[in-house]
Structure formats: C-alpha cells, structure tokens
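What follows is a short report on a single structure.
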Amino acid sequence: MHDQMEKQGSQVIARAAQILRALESQPQGMSITALAKQTGLPRTTVHRLVISLESQQLLTATEQGVRLGPALTRLAASAHTDIVALSRPAMESLGRRTRETVDLSVYRGTHAILVSQFASDRELRVMSPLGTAFPCHCTAHGKALWATLPEAQIAALLGEQPEARTPQTINSLPALAEELAVVRQRHYAIDREEHARGVCGIAVTLASPLNERYALSLAVPALRFDEQLATLLPALLQSKAEIESLLNL
C-alpha cells in the first residue's frame with residue numbers, strides 16, 4: 001500500500017513538472033486544451049493539476065489560460081542567490097591565482113547578465129558594474145552560453161546582422177555559427193577585443209541542476225591576454241570543477 005501511494009505521488013509530481021516545462025517557453029500562457037495536447041495528458045488531469053498548482057502560486061490565470069506563477073520566480077531567485085554564494089570562494093581563489101577579474105554571468109536570451117564579480121588587484125584591470133548586460137555574440141561568456149543552444153534558436157535570437165561593437169566583432173551569422181562550433185568542441189570561449197577594444201576574455205559554462213545557465217569567465221586587458229592564456233585556461237577549468245562539485249552535490 002505504501003509503495004503504491006509513493007508511486008502515485010511520484011506520478012503526480014512528474015505530471016506537474018510536465019505542465020511547468022510546457023509553460024516555460026510560453027510566457028503569455030496556454031489554455032488547458034493546449035497544455036493537454038502539448039503534454040499528452042488527459043484534459044481532466046491537466047485541469048486538476050492546474051488548480052493545485054494555482055493554489056500554490058506556481059501558476060497564474062491569464063486571458064490565454066495559465067502561465068508560470070510568482071512562486072516560481074521567488075524560488076528561482078533563491079536558487080540564483082545560492083549559486084552566487086556557493087561560487088564565491090572558488091571565484092576569489094581564481095582571482096588571487098590569476099590576478100585577473102573573475103565574472104559570473106547568467107543567460108538572458110541575447111545577453112549575459114553579470115551577477116557576481118571578484119575584481120583584479122592590478123592597476124590595469126577590467127571591471128564592470130553588477131547587472132551589466134553583455135551581448136552574447138561578441139563576449140566570451142556570451143558565446144560560451146550560446147554554444148549550449150541549438151543553431152536555429154541562436155539564429156532566431158540574433159537575426160541576420162549581428163551588431164559590430166569593434167573591428168574584431170564577428171558580424172555574420174555563418175561566421176558566428178563556425179565560432180560556436182569551435183567553442184562546443186574545445187569547451188571554452190574566447191573574446192579577443194570583440195566587445196570592447198583593449199579587453200579580452202575567456203569563459204566556460206557551469207553545469208547546474210537548475211534551469212538557469214551560468215558562465216564563469218576571466219576579463220583580461222588585451223595587453224597581457226595572449227601571454228597569460230596558457231595559465232589562465234587551466235586555472236579557469238579548475239575553478240569550474242570546484243563550483244560544479246558544490247552545485248551538483
């Protein structure tokens with residue numbers, strides 16, 4: 001009897017998760033009928049689960065039906081804060097080893113948003129205010145994040161003509177697709193003055209059990225980037241492993 005109840009409970013959770021995932025890409029909301037079709041669940045089951053999820057503010061009613069609710073936003077914000085806190089010791093260690101600025105960014109469509117930073121102690125250094133939105137097509141952390149997405153999704157986000165920030169910016173979709181293929185193969189991304197003159201970067205993504213995508217990067221003055229690259233990369237990869245071991249406990 002206990003095993004049967006546990007199985008039923010797991011089934012309910014799995015079906016609720018199906019509904020939440022279906023709504024993830026529909027910010028305007030979906031009708032009960034559309035949700036049933038999308039998930040393959042009976043309409044009566046979807047209706048019952050929607051009512052339960054609404055009661056917990058996990059879903060909110062809209063003109064189109066239902067969409068993700070405010071409780072999920074609060075949960076995501078809490079998890080986001082945890083990642084910033086968990087990654088801080090490794091970021092500080094990486095910053096002290098390399099003496100370069102360490103950035104943690106979260107993926108937001110066409111941009112990567114800076115959410116945490118450990119600044120270099122050198123006189124010549126690269127720093128940005130928290131909350132800065134960096135275009136994905138011309139930054140190391142942005143390209144690392146975009147390399148985790150299907151090409152068709154990137155094309156839809158970018159359009160036909162990427163904005164050229166500097167003479168080094170990759171300003172065509174085919175060229176960017178080639179660059180991202182290289183990033184996928186070597187598992188890290190580089191920006192050589194593509195976003196701003198005099199500024200370079202190297203970045204990796206963080207494997208996380210959460211839906212959010214994060215990138216860890218080093219922001220380095222172009223003057224010393226290439227001469228230090230051989231030591232920056234292994235230090236960055238070590239920090240990535242340290243953070244991921246905490247995120248995936």
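In the structure tokens, chains take letters A, B, ... by order of appearance, with residues numbered from 1 within each chain and ligands from 1 in the order shown.
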Mind checking DSSP for stretch 3-174 of chain A and telling me the alpha helix (DSSP H) residues as a ChimeraX atom specification? /A:3-24,32-39,43-55,70-98,140-146,151-158,173-174
Per-residue nearest contacts stretch 91-146 of chain A to stretch 154-164 of chain A, cut-off 8 Å, using only C-alpha atoms, as a Markdown table:
```
| residue | atom | partner | partner_atom | distance |
| --- | --- | --- | --- | --- |
| A:Gly109 | CA | A:Leu157 | CA | 7.0 |
| A:Thr110 | CA | A:Leu157 | CA | 6.2 |
| A:His137 | CA | A:Pro162 | CA | 7.3 |
| A:Trp146 | CA | A:Ile154 | CA | 7.0 |
```
Those residues you just picked out, can you put them in a file as a compact mmCIF listing (two decimals), in the first residue's frame with N, CA and C atoms?
```txt
# COMPACT_ATOMS: atom_id res chain seq x y z
N GLY A 109 18.70 35.29 -22.89
CA GLY A 109 18.38 35.49 -24.31
C GLY A 109 19.55 35.98 -25.13
N THR A 110 19.50 37.23 -25.55
CA THR A 110 20.58 37.78 -26.38
C THR A 110 21.74 38.31 -25.55
N HIS A 137 26.84 37.55 -28.63
CA HIS A 137 27.57 37.21 -29.85
C HIS A 137 29.01 37.70 -29.87
N TRP A 146 25.85 30.60 -25.48
CA TRP A 146 25.14 30.33 -26.74
C TRP A 146 25.56 28.99 -27.34
```
Write out as a PyMOL selection string the residues lying within 7 Å of A:Leu218, counting only C-alpha atoms and excluding same-chain residues fewer than 5 positions away. chain A and resi 100-103+201-203
Those selected residues, please, written with C-alpha atoms and delivered as a short mmCIF file (atom, residue, chain, number, x, y, z; two decimals), in the first residue's frame.
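Result saved to selection_24.cif:
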```cif
data_model
loop_
_atom_site.label_atom_id
_atom_site.label_comp_id
_atom_site.auth_asym_id
_atom_site.auth_seq_id
_atom_site.Cartn_x
_atom_site.Cartn_y
_atom_site.Cartn_z
CA GLU A 100 42.57 38.98 -13.15
CA THR A 101 38.89 39.89 -12.76
CA VAL A 102 36.54 36.93 -12.39
CA ASP A 103 32.92 37.25 -13.56
CA GLY A 201 38.05 37.29 -22.06
CA ILE A 202 37.92 33.53 -21.65
CA ALA A 203 34.83 31.69 -20.38
#
```
Which polymer residues have any atom within 12 Å of an atom of A:Ser245, counting only C-alpha atoms, with same-chain residues fewer than 3 positions away left out, as a PyMOL selection string? chain A and resi 83+86-87+90+206-209+238-242+248-249
Residues just named, written with N, CA, C and O atoms as an mmCIF file, in the first residue's frame:
```cif
data_model
loop_
_atom_site.group_PDB
_atom_site.id
_atom_site.type_symbol
_atom_site.label_atom_id
_atom_site.label_comp_id
_atom_site.auth_asym_id
_atom_site.auth_seq_id
_atom_site.Cartn_x
_atom_site.Cartn_y
_atom_site.Cartn_z
ATOM 1 N N ILE A 83 23.641 30.073 -5.838
ATOM 2 C CA ILE A 83 24.747 29.833 -6.756
ATOM 3 C C ILE A 83 25.802 30.931 -6.623
ATOM 4 O O ILE A 83 27.002 30.664 -6.627
ATOM 5 N N LEU A 86 27.570 30.122 -3.353
ATOM 6 C CA LEU A 86 28.377 28.908 -3.441
ATOM 7 C C LEU A 86 29.625 29.092 -4.290
ATOM 8 O O LEU A 86 30.671 28.509 -4.017
ATOM 9 N N SER A 87 29.507 29.899 -5.336
ATOM 10 C CA SER A 87 30.635 30.075 -6.258
ATOM 11 C C SER A 87 31.674 31.074 -5.746
ATOM 12 O O SER A 87 32.802 31.112 -6.256
ATOM 13 N N ALA A 90 35.405 29.911 -4.738
ATOM 14 C CA ALA A 90 36.181 29.481 -5.905
ATOM 15 C C ALA A 90 36.538 30.670 -6.782
ATOM 16 O O ALA A 90 37.650 30.736 -7.338
ATOM 17 N N LEU A 206 28.833 26.593 -16.581
ATOM 18 C CA LEU A 206 28.768 25.785 -15.368
ATOM 19 C C LEU A 206 27.610 24.797 -15.479
ATOM 20 O O LEU A 206 26.481 25.198 -15.754
ATOM 21 N N ALA A 207 27.903 23.527 -15.278
ATOM 22 C CA ALA A 207 26.851 22.519 -15.263
ATOM 23 C C ALA A 207 26.097 22.632 -13.946
ATOM 24 O O ALA A 207 26.676 22.536 -12.870
ATOM 25 N N SER A 208 24.791 22.880 -14.042
ATOM 26 C CA SER A 208 23.969 23.110 -12.856
ATOM 27 C C SER A 208 22.695 22.292 -12.942
ATOM 28 O O SER A 208 22.150 22.105 -14.037
ATOM 29 N N PRO A 209 22.192 21.800 -11.812
ATOM 30 C CA PRO A 209 20.926 21.062 -11.832
ATOM 31 C C PRO A 209 19.715 21.959 -12.051
ATOM 32 O O PRO A 209 18.607 21.479 -12.243
ATOM 33 N N GLN A 238 39.838 24.639 -13.435
ATOM 34 C CA GLN A 238 39.863 24.138 -12.059
ATOM 35 C C GLN A 238 38.758 24.779 -11.230
ATOM 36 O O GLN A 238 38.068 24.115 -10.458
ATOM 37 N N SER A 239 38.565 26.092 -11.408
ATOM 38 C CA SER A 239 37.519 26.799 -10.682
ATOM 39 C C SER A 239 36.141 26.292 -11.091
ATOM 40 O O SER A 239 35.249 26.122 -10.254
ATOM 41 N N LYS A 240 35.956 26.034 -12.370
ATOM 42 C CA LYS A 240 34.694 25.463 -12.877
ATOM 43 C C LYS A 240 34.400 24.139 -12.174
ATOM 44 O O LYS A 240 33.267 23.909 -11.703
ATOM 45 N N ALA A 241 35.397 23.262 -12.079
ATOM 46 C CA ALA A 241 35.217 21.961 -11.440
ATOM 47 C C ALA A 241 34.870 22.125 -9.961
ATOM 48 O O ALA A 241 34.028 21.388 -9.429
ATOM 49 N N GLU A 242 35.504 23.088 -9.293
ATOM 50 C CA GLU A 242 35.242 23.314 -7.878
ATOM 51 C C GLU A 242 33.789 23.760 -7.656
ATOM 52 O O GLU A 242 33.108 23.278 -6.743
ATOM 53 N N ASN A 248 26.331 20.345 -7.710
ATOM 54 C CA ASN A 248 25.753 19.057 -8.073
ATOM 55 C C ASN A 248 25.890 18.022 -6.961
ATOM 56 O O ASN A 248 25.883 16.823 -7.216
ATOM 57 N N LEU A 249 26.008 18.478 -5.720
ATOM 58 C CA LEU A 249 26.074 17.552 -4.585
ATOM 59 C C LEU A 249 24.772 16.751 -4.475
ATOM 60 O O LEU A 249 23.703 17.273 -4.706
#
```
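Of the residues listed (A:Ser116, A:Ser52, A:Gln26, A:Thr39), A:Gln26 shows the shortest atom-to-atom separation from A:Gln64; distances use only C-alpha atoms.
The space separating atom CA of A:Ile13 from atom CA of A:Gly65 comes to 20.9 Å.
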Name the residues in contact with A:Arg97 at a cut-off of 12 Å, using only C-alpha atoms, excluding same-chain residues fewer than 5 positions from it; report them as a PyMOL selection string. chain A and resi 90-92+102+118+120-121+218+228+231-236+238-239
Deliver the residues from the most recent selection as a file, using N, CA, C and O atoms, as a short mmCIF file (atom, residue, chain, number, x, y, z; two decimals), in the first residue's frame.
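Output file again-v2.cif is given in full below:
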```cif
data_model
loop_
_atom_site.label_atom_id
_atom_site.label_comp_id
_atom_site.auth_asym_id
_atom_site.auth_seq_id
_atom_site.Cartn_x
_atom_site.Cartn_y
_atom_site.Cartn_z
N ALA A 90 35.40 29.91 -4.74
CA ALA A 90 36.18 29.48 -5.90
C ALA A 90 36.54 30.67 -6.78
O ALA A 90 37.65 30.74 -7.34
N MET A 91 35.62 31.63 -6.92
CA MET A 91 35.92 32.84 -7.70
C MET A 91 37.05 33.64 -7.07
O MET A 91 37.95 34.14 -7.76
N GLU A 92 37.01 33.77 -5.75
CA GLU A 92 38.07 34.52 -5.06
C GLU A 92 39.41 33.82 -5.21
O GLU A 92 40.45 34.47 -5.43
N VAL A 102 37.37 38.12 -12.18
CA VAL A 102 36.54 36.93 -12.39
C VAL A 102 35.07 37.35 -12.40
O VAL A 102 34.61 38.06 -11.51
N PHE A 118 34.70 39.21 -8.86
CA PHE A 118 35.85 39.37 -7.98
C PHE A 118 36.89 40.15 -8.77
O PHE A 118 37.42 39.66 -9.77
N SER A 120 40.18 42.20 -10.10
CA SER A 120 41.64 42.10 -10.11
C SER A 120 42.25 43.16 -9.20
O SER A 120 41.68 44.25 -9.02
N ASP A 121 43.40 42.83 -8.61
CA ASP A 121 44.07 43.80 -7.75
C ASP A 121 45.14 44.60 -8.51
O ASP A 121 45.88 45.39 -7.93
N LEU A 218 37.01 35.04 -17.14
CA LEU A 218 38.08 35.95 -16.75
C LEU A 218 38.11 37.10 -17.73
O LEU A 218 38.13 36.89 -18.95
N GLN A 228 49.36 35.21 -21.15
CA GLN A 228 48.92 34.52 -19.95
C GLN A 228 47.92 33.40 -20.22
O GLN A 228 47.54 32.66 -19.30
N THR A 231 48.19 29.83 -18.83
CA THR A 231 47.97 29.63 -17.39
C THR A 231 46.53 29.98 -16.98
O THR A 231 46.02 29.42 -16.01
N LEU A 232 45.90 30.88 -17.71
CA LEU A 232 44.53 31.28 -17.37
C LEU A 232 43.54 30.14 -17.58
O LEU A 232 42.66 29.91 -16.75
N LEU A 233 43.68 29.42 -18.68
CA LEU A 233 42.71 28.37 -19.01
C LEU A 233 42.67 27.26 -17.96
O LEU A 233 41.58 26.92 -17.46
N PRO A 234 43.80 26.65 -17.59
CA PRO A 234 43.71 25.59 -16.57
C PRO A 234 43.19 26.10 -15.22
O PRO A 234 42.49 25.37 -14.51
N ALA A 235 43.53 27.33 -14.87
CA ALA A 235 43.02 27.90 -13.62
C ALA A 235 41.51 28.07 -13.68
O ALA A 235 40.79 27.77 -12.71
N LEU A 236 41.00 28.51 -14.82
CA LEU A 236 39.56 28.67 -15.00
C LEU A 236 38.85 27.32 -14.96
O LEU A 236 37.80 27.18 -14.33
N GLN A 238 39.84 24.64 -13.43
CA GLN A 238 39.86 24.14 -12.06
C GLN A 238 38.76 24.78 -11.23
O GLN A 238 38.07 24.12 -10.46
N SER A 239 38.57 26.09 -11.41
CA SER A 239 37.52 26.80 -10.68
C SER A 239 36.14 26.29 -11.09
O SER A 239 35.25 26.12 -10.25
#
```
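With distances restricted to only C-alpha atoms, A:Cys136 is the closest residue to A:Thr169 from A:Cys136, A:Ala14, A:Ala219, A:Leu53.
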Between atom CA of A:Ile243 and atom CA of A:Phe225 - distance in Å to one decimal: 23.8 Å
Using only C-alpha atoms, which protein or nucleic acid residues come within 7 Å of A:Ala147? Drop anything in the same chain fewer than 4 positions from it, and give the result as a VMD selection string. chain A and resid 143 180 183 to 184
Residues just named, written with N, CA, C and O atoms as a PDB file, in the first residue's frame:
```
ATOM      1  N   LYS A 143      29.292  33.796 -25.687  1.00  0.00           N
ATOM      2  CA  LYS A 143      29.495  32.730 -26.676  1.00  0.00           C
ATOM      3  C   LYS A 143      29.512  31.357 -26.011  1.00  0.00           C
ATOM      4  O   LYS A 143      29.015  30.379 -26.582  1.00  0.00           O
ATOM      5  N   LEU A 180      30.963  29.192 -32.800  1.00  0.00           N
ATOM      6  CA  LEU A 180      30.299  28.440 -31.738  1.00  0.00           C
ATOM      7  C   LEU A 180      30.563  26.945 -31.869  1.00  0.00           C
ATOM      8  O   LEU A 180      30.614  26.228 -30.862  1.00  0.00           O
ATOM      9  N   VAL A 183      33.741  26.476 -30.150  1.00  0.00           N
ATOM     10  CA  VAL A 183      33.526  26.560 -28.697  1.00  0.00           C
ATOM     11  C   VAL A 183      32.982  25.227 -28.163  1.00  0.00           C
ATOM     12  O   VAL A 183      33.438  24.733 -27.122  1.00  0.00           O
ATOM     13  N   ARG A 184      32.042  24.644 -28.874  1.00  0.00           N
ATOM     14  CA  ARG A 184      31.467  23.356 -28.442  1.00  0.00           C
ATOM     15  C   ARG A 184      32.535  22.260 -28.413  1.00  0.00           C
ATOM     16  O   ARG A 184      32.526  21.385 -27.547  1.00  0.00           O
TER      17      ARG A 184
END
```
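The interatomic distance for the pair atom CA of A:Val66 and atom CA of A:Ser31 works out to 6.4 Å.
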Just the strand (DSSP E) stuff from stretch 4-241 of chain A, please, per backbone DSSP, written as a PyMOL selection string. chain A and resi 59-62+65-68+101-108+111-118+133-135+189-192+199-206+214-221
Which residue out of A:Gln11, A:Gln28, A:Ser217, A:Ser55 has the minimum interatomic distance to A:Leu41 when only C-alpha atoms are used? A:Gln11
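Residues in contact with A:Leu145 at 10 Å, where only C-alpha atoms are counted and same-chain residues fewer than 4 positions away are skipped, are listed as Ser105, Val106, Tyr107, Arg108, Gly109, His111, Ala112, Cys136, His137, Thr139, Ala140, His141, Leu149, Leu180, Val183, Tyr188, Ala189, Ala203, Val204, Thr205, Leu206, Arg213, Tyr214, Ala215 and Leu216 of chain A.
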Preceding selection exported with C-alpha atoms as a tab-separated table (two decimals), in the first residue's frame:
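So the final result, stored in again_18.tsv, reads:
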```tsv
chain	number	residue	atom	x	y	z
A	105	SER	CA	27.06	35.70	-15.57
A	106	VAL	CA	23.57	34.30	-16.12
A	107	TYR	CA	21.99	33.72	-19.53
A	108	ARG	CA	19.16	36.02	-20.62
A	109	GLY	CA	18.38	35.49	-24.31
A	111	HIS	CA	22.64	38.85	-23.35
A	112	ALA	CA	24.65	37.52	-20.42
A	136	CYS	CA	26.20	37.09	-26.30
A	137	HIS	CA	27.57	37.21	-29.85
A	139	THR	CA	31.75	38.19	-25.49
A	140	ALA	CA	33.46	35.09	-24.14
A	141	HIS	CA	30.79	34.36	-21.53
A	149	LEU	CA	21.90	26.16	-27.60
A	180	LEU	CA	30.30	28.44	-31.74
A	183	VAL	CA	33.53	26.56	-28.70
A	188	TYR	CA	35.57	27.18	-23.69
A	189	ALA	CA	35.11	30.51	-25.47
A	203	ALA	CA	34.83	31.69	-20.38
A	204	VAL	CA	33.26	28.33	-19.59
A	205	THR	CA	29.73	27.33	-18.70
A	206	LEU	CA	28.77	25.78	-15.37
A	213	ARG	CA	22.54	28.76	-17.43
A	214	TYR	CA	25.66	30.34	-15.92
A	215	ALA	CA	29.08	31.21	-17.30
A	216	LEU	CA	32.33	31.74	-15.40
```
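Between A:Gly69 and the residues A:Pro129, A:Thr44, A:Leu20, A:Glu227, the shortest atom-to-atom distance, using only C-alpha atoms, involves A:Leu20.
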